[in-house]
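> My file is input19.txt. It has compact mmCIF, C-alpha atoms and all ligand atoms:
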```txt
# COMPACT_ATOMS: atom_id res chain seq x y z
CA MET A 1 0.00 0.00 0.00
CA ARG A 2 1.10 3.57 -0.63
CA PHE A 3 0.62 5.83 2.40
CA GLY A 4 0.79 9.61 2.39
CA ILE A 5 2.07 10.54 5.85
CA ASP A 6 1.61 14.18 6.66
CA ILE A 7 3.71 15.34 9.61
CA GLY A 8 1.64 18.28 10.86
CA HIS A 9 3.08 21.83 10.73
CA ASN A 10 6.94 21.97 10.90
CA CYS A 11 6.94 24.36 7.96
CA PRO A 12 7.17 28.01 9.10
CA PRO A 13 5.02 30.06 9.13
CA ASP A 14 2.94 26.88 9.54
CA THR A 15 3.92 25.99 13.11
CA GLY A 16 1.99 23.94 15.65
CA ALA A 17 0.42 24.61 19.01
CA ARG A 18 2.40 25.09 22.22
CA GLY A 19 1.46 23.61 25.57
CA ILE A 20 3.55 21.65 28.03
CA LYS A 21 5.35 20.50 24.89
CA PHE A 22 5.57 21.82 21.32
CA GLU A 23 3.30 20.23 18.74
CA ASP A 24 5.98 20.58 16.02
CA ASN A 25 8.44 18.45 17.99
CA LEU A 26 5.90 15.74 18.77
CA THR A 27 4.44 15.44 15.27
CA LEU A 28 7.96 15.24 13.82
CA ASP A 29 9.02 12.61 16.33
CA VAL A 30 5.91 10.44 15.95
CA GLY A 31 5.62 10.99 12.17
CA SER A 32 9.26 10.06 11.45
CA ARG A 33 8.81 6.85 13.42
CA VAL A 34 5.58 6.01 11.59
CA ILE A 35 7.29 6.54 8.22
CA SER A 36 10.27 4.32 9.14
CA LYS A 37 8.02 1.58 10.49
CA LEU A 38 5.72 1.53 7.48
CA LYS A 39 8.71 1.34 5.14
CA SER A 40 10.28 -1.49 7.09
CA LEU A 41 6.97 -3.38 6.74
CA GLY A 42 7.38 -3.04 2.96
CA HIS A 43 4.92 -0.23 2.31
CA GLU A 44 5.55 2.72 0.08
CA VAL A 45 5.42 6.02 1.97
CA ILE A 46 5.21 9.54 0.63
CA ASP A 47 6.35 12.10 3.21
CA CYS A 48 3.86 14.90 2.50
CA LYS A 49 5.41 17.65 4.62
CA PRO A 50 6.70 20.44 2.35
CA VAL A 51 10.22 21.86 2.68
CA ARG A 52 8.97 25.44 2.61
CA ALA A 53 5.78 27.41 2.22
CA SER A 54 4.91 31.09 1.88
CA ASN A 55 1.96 30.90 4.27
CA VAL A 56 -0.18 28.37 6.16
CA LYS A 57 -2.61 27.82 3.29
CA ASP A 58 0.30 27.24 0.91
CA SER A 59 1.75 24.73 3.40
CA LEU A 60 -1.56 22.83 3.51
CA SER A 61 -2.09 23.01 -0.29
CA ARG A 62 1.37 21.57 -0.94
CA ARG A 63 0.63 18.61 1.32
CA CYS A 64 -2.60 17.88 -0.57
CA ASP A 65 -0.99 18.38 -4.01
CA LEU A 66 1.77 15.96 -3.18
CA ALA A 67 -0.67 13.29 -1.97
CA ASN A 68 -2.88 13.82 -5.03
CA ASN A 69 0.01 13.84 -7.54
CA THR A 70 1.57 10.70 -6.12
CA LYS A 71 -1.85 9.03 -5.83
CA VAL A 72 -1.43 7.70 -2.31
CA ASP A 73 -4.04 5.17 -1.17
CA LEU A 74 -4.58 6.79 2.21
CA PHE A 75 -3.62 10.22 3.53
CA VAL A 76 -2.78 10.35 7.23
CA SER A 77 -2.18 13.70 8.88
CA ILE A 78 -0.59 13.60 12.33
CA HIS A 79 -1.35 16.35 14.86
CA PHE A 80 -1.66 17.10 18.55
CA ASN A 81 -4.44 19.03 20.24
CA ALA A 82 -4.34 21.96 22.64
CA PHE A 83 -7.26 23.57 24.45
CA ASN A 84 -7.76 24.57 28.09
CA GLN A 85 -5.33 22.30 29.99
CA GLN A 86 -8.33 20.23 31.18
CA ALA A 87 -9.47 18.62 27.93
CA ASN A 88 -7.62 15.39 27.17
CA GLY A 89 -7.74 12.29 25.01
CA THR A 90 -7.59 11.21 21.40
CA GLU A 91 -9.83 12.01 18.45
CA ILE A 92 -9.56 11.27 14.76
CA TYR A 93 -11.16 13.35 12.03
CA ALA A 94 -12.31 11.50 8.94
CA VAL A 95 -14.44 12.08 5.86
CA GLY A 96 -16.67 9.38 4.36
CA THR A 97 -17.04 5.68 5.05
CA GLU A 98 -13.52 4.69 3.92
CA GLY A 99 -11.95 7.36 6.10
CA ARG A 100 -13.95 6.27 9.15
CA LYS A 101 -13.04 2.64 8.48
CA ALA A 102 -9.33 3.55 8.42
CA ALA A 103 -9.62 5.69 11.56
CA LYS A 104 -11.36 3.14 13.82
CA PRO A 105 -8.48 0.64 14.40
CA ILE A 106 -5.98 3.50 14.96
CA LEU A 107 -8.22 5.09 17.58
CA ASP A 108 -8.69 1.68 19.26
CA GLU A 109 -4.91 1.17 19.44
CA ILE A 110 -4.18 4.62 20.88
CA ILE A 111 -6.96 4.27 23.48
CA LYS A 112 -5.30 1.05 24.69
CA LEU A 113 -2.40 3.27 25.86
CA GLY A 114 -4.72 4.92 28.39
CA PHE A 115 -5.93 8.04 26.54
CA PHE A 116 -9.59 9.11 26.80
CA ASN A 117 -11.64 8.14 23.74
CA ARG A 118 -13.07 11.29 22.16
CA GLY A 119 -14.27 9.35 19.13
CA ILE A 120 -14.15 9.63 15.37
CA LYS A 121 -15.37 13.01 14.18
CA ASN A 122 -16.54 14.50 10.92
CA GLY A 123 -13.54 16.26 9.37
CA SER A 124 -15.22 17.82 6.33
CA HIS A 125 -14.25 21.31 7.58
CA LEU A 126 -10.53 20.50 7.58
CA PHE A 127 -8.50 21.75 4.60
CA VAL A 128 -6.28 18.69 4.16
CA LEU A 129 -9.23 16.31 4.35
CA ARG A 130 -11.35 18.39 1.97
CA ASN A 131 -8.63 18.80 -0.64
CA THR A 132 -7.20 15.30 -0.82
CA LYS A 133 -8.83 12.99 -3.36
CA MET A 134 -8.25 9.71 -1.53
CA PRO A 135 -9.60 8.56 1.85
CA ALA A 136 -7.99 10.83 4.41
CA ILE A 137 -7.80 11.09 8.18
CA LEU A 138 -6.34 13.54 10.66
CA ILE A 139 -5.20 12.14 14.00
CA GLU A 140 -5.29 14.43 17.03
CA SER A 141 -3.04 12.10 19.00
CA CYS A 142 -3.64 13.73 22.41
CA PHE A 143 -3.44 17.15 24.14
CA ILE A 144 -0.05 18.82 24.51
CA ASP A 145 -1.42 21.14 27.22
CA SER A 146 -2.90 18.33 29.36
CA ARG A 147 -0.78 17.04 32.23
CA LYS A 148 -2.57 13.71 32.10
CA ASP A 149 -1.89 13.22 28.37
CA MET A 150 1.70 14.43 28.49
CA SER A 151 2.52 12.05 31.33
CA LEU A 152 1.06 9.18 29.27
CA PHE A 153 2.72 10.33 26.04
CA ASN A 154 5.47 8.24 24.50
CA SER A 155 6.34 8.82 20.84
CA GLU A 156 7.35 5.21 20.15
CA ALA A 157 4.09 3.90 21.67
CA ILE A 158 1.92 6.33 19.69
CA ALA A 159 3.82 5.54 16.47
CA ASN A 160 3.35 1.83 17.09
CA ALA A 161 -0.38 2.34 17.73
CA ILE A 162 -0.76 4.28 14.46
CA VAL A 163 1.19 1.69 12.43
CA LYS A 164 -0.68 -1.23 14.04
CA GLY A 165 -3.98 0.51 13.34
CA LEU A 166 -3.01 1.21 9.72
CA THR A 167 -1.58 -2.18 8.80
CA GLY A 168 -2.58 -4.66 11.52
CA GLU A 169 1.09 -5.42 12.17
CA LEU A 170 4.33 -4.02 13.57
CA PRO A 171 7.98 -4.36 12.55
CA THR A 172 9.56 -7.12 14.62
CA ARG A 173 12.56 -5.00 15.53
CA PRO A 174 12.22 -1.40 16.73
CA VAL A 175 12.99 1.04 13.95
CA ILE A 176 14.45 4.46 14.62
CA PRO A 177 14.68 7.21 12.00
CA ILE A 178 17.95 7.23 10.06
CA PRO A 179 20.05 9.95 11.68
CA ASP A 180 22.81 10.19 9.08
CA GLU A 181 22.03 11.14 5.49
CA GLU A 182 25.12 9.31 4.29
CA ASP A 183 23.34 6.02 5.09
CA ASN A 184 19.99 7.10 3.70
CA ILE A 185 18.78 4.39 1.31
CA ASP A 186 15.77 6.34 0.01
CA THR A 187 16.34 6.62 -3.76
CA THR A 188 12.91 7.86 -4.81
CA VAL A 189 12.55 10.65 -7.37
CA LEU A 190 10.80 12.64 -4.67
CA ARG A 191 13.87 12.55 -2.45
CA LEU A 192 16.02 13.55 -5.43
CA GLN A 193 13.79 16.57 -6.14
CA ARG A 194 13.79 17.57 -2.48
CA ALA A 195 17.56 17.18 -2.26
CA LEU A 196 18.19 19.28 -5.39
CA ASN A 197 15.88 22.00 -4.10
CA ARG A 198 17.61 21.95 -0.75
CA LEU A 199 20.99 22.15 -2.49
CA LYS A 200 19.66 25.09 -4.54
CA ILE A 201 20.30 23.32 -7.85
CA THR A 202 17.71 24.65 -10.29
CA ASP A 203 16.60 23.74 -13.82
CA LYS A 204 17.68 25.55 -17.03
CA ASP A 205 15.32 28.45 -16.29
CA ASN A 206 16.72 28.71 -12.75
CA LYS A 207 13.43 27.52 -11.26
CA ILE A 208 13.14 25.25 -8.26
CA LEU A 209 11.73 21.80 -8.98
CA LEU A 210 8.20 20.64 -8.49
CA GLU A 211 8.33 17.94 -5.82
CA ASP A 212 5.99 15.44 -7.46
CA ASN A 213 8.04 12.20 -7.52
CA THR A 214 8.12 12.24 -11.34
CA ILE A 215 11.22 12.47 -13.57
CA ASP A 216 10.44 15.39 -15.89
CA VAL A 217 12.59 17.62 -18.13
CA GLN A 218 13.25 20.11 -15.33
CA THR A 219 14.37 17.41 -12.89
CA LYS A 220 16.73 15.98 -15.55
CA GLN A 221 18.16 19.45 -16.25
CA ALA A 222 18.81 20.11 -12.57
CA LEU A 223 20.29 16.64 -12.14
CA GLU A 224 22.67 17.21 -15.08
CA ARG A 225 23.69 20.54 -13.58
CA PHE A 226 24.39 18.82 -10.25
CA GLN A 227 26.42 16.06 -11.93
CA ARG A 228 28.53 18.66 -13.73
CA ILE A 229 29.17 20.53 -10.46
CA VAL A 230 30.23 17.50 -8.43
CA GLY A 231 32.22 15.97 -11.29
CA VAL A 232 30.38 12.74 -11.97
CA GLN A 233 29.42 11.57 -15.46
CA VAL A 234 26.65 13.82 -16.81
CA THR A 235 23.84 11.43 -17.74
CA GLY A 236 20.67 13.06 -16.41
CA ILE A 237 20.00 9.66 -14.83
CA ILE A 238 20.33 9.11 -11.12
CA GLY A 239 22.71 6.27 -10.24
CA ASN A 240 24.77 5.11 -7.28
CA THR A 241 27.62 7.59 -7.81
CA THR A 242 25.28 10.56 -7.95
CA TRP A 243 23.33 9.40 -4.90
CA ALA A 244 26.61 8.96 -3.02
CA ALA A 245 27.54 12.57 -3.87
CA ILE A 246 24.13 13.87 -2.74
CA ASN A 247 24.27 11.88 0.50
CA GLN A 248 27.82 13.00 1.27
CA ILE A 249 26.81 16.64 0.95
CA LEU A 250 23.61 16.22 2.98
CA ALA A 251 25.60 14.43 5.71
CA LYS A 252 27.25 17.83 6.41
CA ARG A 253 30.67 16.57 7.52
CA ILE A 254 33.10 19.17 8.89
CA ILE A 255 35.33 20.49 6.08
CA ARG A 256 38.68 22.18 6.75
CA PRO A 257 41.26 23.92 4.55
CA ASN A 258 43.66 21.62 2.64
CA HIS A 259 40.94 19.02 2.33
CA ALA A 260 40.78 17.22 -1.02
CA GLY A 261 37.20 16.16 -0.85
CA GLY A 262 35.89 15.60 -4.35
CA PRO A 263 32.11 16.11 -4.67
CA VAL A 264 31.60 17.90 -1.34
CA ILE A 265 34.37 20.47 -1.96
CA ARG A 266 33.21 20.91 -5.55
CA TYR A 267 29.69 21.64 -4.32
CA ILE A 268 30.96 24.16 -1.75
CA GLN A 269 33.10 25.83 -4.43
CA TYR A 270 30.04 26.11 -6.66
CA ARG A 271 28.04 27.73 -3.85
CA ILE A 272 30.70 30.28 -2.89
CA GLY A 273 31.61 31.05 -6.49
CA VAL A 274 35.21 29.93 -6.93
CA GLU A 275 36.81 27.73 -9.57
CA ILE A 276 35.61 24.16 -9.13
CA ASP A 277 38.54 21.75 -8.74
CA GLY A 278 37.57 19.64 -5.72
CA VAL A 279 40.52 20.79 -3.59
CA TYR A 280 40.19 23.17 -0.64
CA GLY A 281 43.11 25.45 -1.42
CA THR A 282 43.93 29.10 -0.67
CA GLN A 283 41.43 30.62 -3.10
CA THR A 284 38.61 28.53 -1.63
CA GLU A 285 39.64 29.42 1.91
CA VAL A 286 39.42 33.15 1.16
CA ALA A 287 35.97 32.68 -0.38
CA VAL A 288 34.72 30.51 2.51
CA LYS A 289 35.85 33.15 5.01
CA ASN A 290 34.07 35.84 2.98
CA PHE A 291 30.93 33.72 2.94
CA GLN A 292 31.14 33.27 6.71
CA ARG A 293 31.71 36.99 7.27
CA GLN A 294 28.75 37.92 5.04
CA ASN A 295 26.55 35.58 7.08
CA GLY A 296 27.69 36.95 10.42
CA LEU A 297 29.65 33.81 11.35
CA LEU A 298 33.13 33.34 12.76
CA ALA A 299 35.38 33.53 9.66
CA ASP A 300 37.61 30.53 10.43
CA GLY A 301 37.39 28.80 7.07
CA ILE A 302 36.03 25.64 8.70
CA ILE A 303 32.67 24.46 7.36
CA GLY A 304 31.00 23.15 10.50
CA PRO A 305 27.33 22.73 11.42
CA ILE A 306 26.53 26.47 11.40
CA SER A 307 28.13 27.15 8.00
CA TRP A 308 26.38 24.05 6.62
CA GLN A 309 23.10 25.35 8.03
CA LYS A 310 23.60 28.59 6.07
CA LEU A 311 24.47 26.65 2.91
CA ILE A 312 21.79 23.95 2.80
CA GLY A 313 19.64 24.34 5.89
ZN ZN B 1 -1.93 20.75 14.48
```
Starting from the file, lay out its structure as structure tokens.
Ligand SMILES: [Zn+2]

Amino acid sequence: MRFGIDIGHNCPPDTGARGIKFEDNLTLDVGSRVISKLKSLGHEVIDCKPVRASNVKDSLSRRCDLANNTKVDLFVSIHFNAFNQQANGTEIYAVGTEGRKAAKPILDEIIKLGFFNRGIKNGSHLFVLRNTKMPAILIESCFIDSRKDMSLFNSEAIANAIVKGLTGELPTRPVIPIPDEEDNIDTTVLRLQRALNRLKITDKDNKILLEDNTIDVQTKQALERFQRIVGVQVTGIIGNTTWAAINQILAKRIIRPNHAGGPVIRYIQYRIGVEIDGVYGTQTEVAVKNFQRQNGLLADGIIGPISWQKLIG
């Protein structure tokens, strides 16, 4: 089955509620676990959370577009509630018979953890349920401003309840999200498009790519541009060598002067506008220090976490 998992908010200015804990942190924690677990059970998962959005409506529209374009079988939006510090428990919004049918076993599983059962509710007023074309549900896992709920809350347990409710099974071994991009085995077109956008590699018209999981002319153009920059064979086709280059850059290792680092140095040289030769020499050091100065950082020529953050987020 192909699931569209929508990790609520986490896309400024679309940010979640604040209570005893932050909704953004909890949806990201639970959602990442759900995605890993579904994948390890052999399901296809589309991560519907956009990388950026100009406003809240844009954030919500992008989530729906992605689910619609990739034709997921079920759209699952993960959220947490907040109200008056007294209200507590779990509720799931659904539209139509199929949505309600999908919601029921998830609600049953979460309730088993001790949360109050607030039931399955009509979600026809909710943007992401109205604008997705497949059965869709929105889980309000529990209340982030309720002491009772937050003392019961455990992200692994909630993720397990959601996955068990969705599929009827659980991975035999616990799965944690992959922390290091260098080991990321996701080779979908969607991840490629997201990576190229994050790396600021655009198409021939200098436009960012549509993140729709489909190889189109623009994606090929941007991919060729990337291959030229990092010095791998320019084919417009994504293979192991190109993925290795992408993953090495996204892994954000610390880079120091006199480093001969191939693709990573070549990418940095491209971004700071010096001749691309894959070796961190004097000219590159001057340009890195300028880049750091312009961004208000300590100009030490060492690309550490903060410089990487400025380069690729
Ligand atoms: Zn929310």
> Using only C-alpha atoms, which protein or nucleic acid residues come within 6 Å of stretch 224-231 of chain A? Drop anything in the same chain fewer than 5 positions from it, and give the result as a PDB file with C-alpha atoms, in the frame of the given file.

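This went into out-v6.pdb:
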```
ATOM      1  CA  GLY A 236      20.670  13.060 -16.410  1.00  0.00           C
ATOM      2  CA  PRO A 263      32.110  16.110  -4.670  1.00  0.00           C
ATOM      3  CA  ARG A 266      33.210  20.910  -5.550  1.00  0.00           C
ATOM      4  CA  TYR A 267      29.690  21.640  -4.320  1.00  0.00           C
TER       5      TYR A 267
END
```
> Check which residues of chain A sit at most 10 Å from ligand ZN 1 (chain B) using all atoms listed in the file, and return one row each with the closest pair of atoms and their distance in Å to one decimal, ordered by chain and rising number, as CSV.

```
residue,atom,partner,partner_atom,distance
A:Ile7,CA,B:ZN1,ZN,9.2
A:Gly8,CA,B:ZN1,ZN,5.7
A:His9,CA,B:ZN1,ZN,6.4
A:Asn10,CA,B:ZN1,ZN,9.6
A:Asp14,CA,B:ZN1,ZN,9.3
A:Thr15,CA,B:ZN1,ZN,8.0
A:Gly16,CA,B:ZN1,ZN,5.2
A:Ala17,CA,B:ZN1,ZN,6.4
A:Arg18,CA,B:ZN1,ZN,9.9
A:Glu23,CA,B:ZN1,ZN,6.8
A:Asp24,CA,B:ZN1,ZN,8.1
A:Thr27,CA,B:ZN1,ZN,8.3
A:Ser77,CA,B:ZN1,ZN,9.0
A:Ile78,CA,B:ZN1,ZN,7.6
A:His79,CA,B:ZN1,ZN,4.5
A:Phe80,CA,B:ZN1,ZN,5.5
A:Asn81,CA,B:ZN1,ZN,6.5
A:Ala82,CA,B:ZN1,ZN,8.6
A:Leu138,CA,B:ZN1,ZN,9.3
A:Ile139,CA,B:ZN1,ZN,9.2
A:Glu140,CA,B:ZN1,ZN,7.6
A:Ser141,CA,B:ZN1,ZN,9.8
```
> What lies within 9 Å of A:Gly313 using only C-alpha atoms, ignoring chain neighbours under 2 positions off, as a PyMOL selection string?
chain A and resi 198-199+308-311
> Would you mind telling me which residue in A:Gly114, A:Gly168, A:Pro105, A:Gly19 lies nearest to A:Leu38 when using all atoms listed in the file?
A:Gly168
> Pick out the closest residue to A:Thr97 from this set: A:Asp65, A:Ile137, A:Lys207, A:Asp300. Count all atoms listed in the file.
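Of A:Asp65, A:Ile137, A:Lys207, A:Asp300, the one nearest A:Thr97 is A:Ile137, counting all atoms listed in the file.
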> What are the closest atom pairs, with distances in Å to one decimal, for all residues of stretch 70-132 of chain A lying within 12 Å of stretch 209-218 of chain A? Consider all atoms listed in the file, order rows by chain and residue number, and present the result as CSV.

```
residue,atom,partner,partner_atom,distance
A:Thr70,CA,A:Asp212,CA,6.6
A:Lys71,CA,A:Asp212,CA,10.3
A:Val72,CA,A:Asn213,CA,11.7
```
> Pick out the residues sitting within 12 Å of A:Gly42, and hand them over as a ChimeraX atom specification; count all atoms listed in the file, and ignore anything fewer than 5 positions along from it in its own chain.
/A:1-3,35-37,167,169-171
> Please compute the atom CA of A:Ile208-atom CA of A:Val279 distance, one decimal, in Å.
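Straight-line distance from atom CA of A:Ile208 to atom CA of A:Val279 works out to 28.1 Å.
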> Atom CA of A:Gln221 to atom CA of A:Ile5: how many Å, to one decimal?
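Going from atom CA of A:Gln221 over to atom CA of A:Ile5, I get 28.8 Å.
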> Quick check, in Å to one decimal: how far apart do atom CA of A:Asn247 and atom CA of A:Arg194 lie?
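Between these atoms lies a distance of 12.3 Å.
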> For a quick check of understanding, using all atoms listed in the file, which of A:Ile185, A:Ala222, A:Ile249, A:Ala161 has the smallest distance to A:Asp203?
A:Ala222
> Take the point (-1.9, 15.2, 34.4) as written in the file and pick out every residue within 12 Å of it, counting only C-alpha atoms; give the list as number ranges by chain.
A: 20, 85-89, 115, 143-153
> If you count all atoms listed in the file, which residues fall within 9 Å of A:Leu192, apart from same-chain ones fewer than 5 positions away, as number ranges by chain?
A: 187, 197, 211, 213, 219, 223, 238, 243, 246
> Where's the centre, and what are the edge lengths in Å to one decimal, of a box along x, y and z enclosing all listed atoms of stretch 139-150 of chain A padded 8 Å per side, as AutoDock Vina command-line options?

```
--center_x -1.8 --center_y 16.6 --center_z 23.1 --size_x 23.0 --size_y 25.0 --size_z 34.2
```
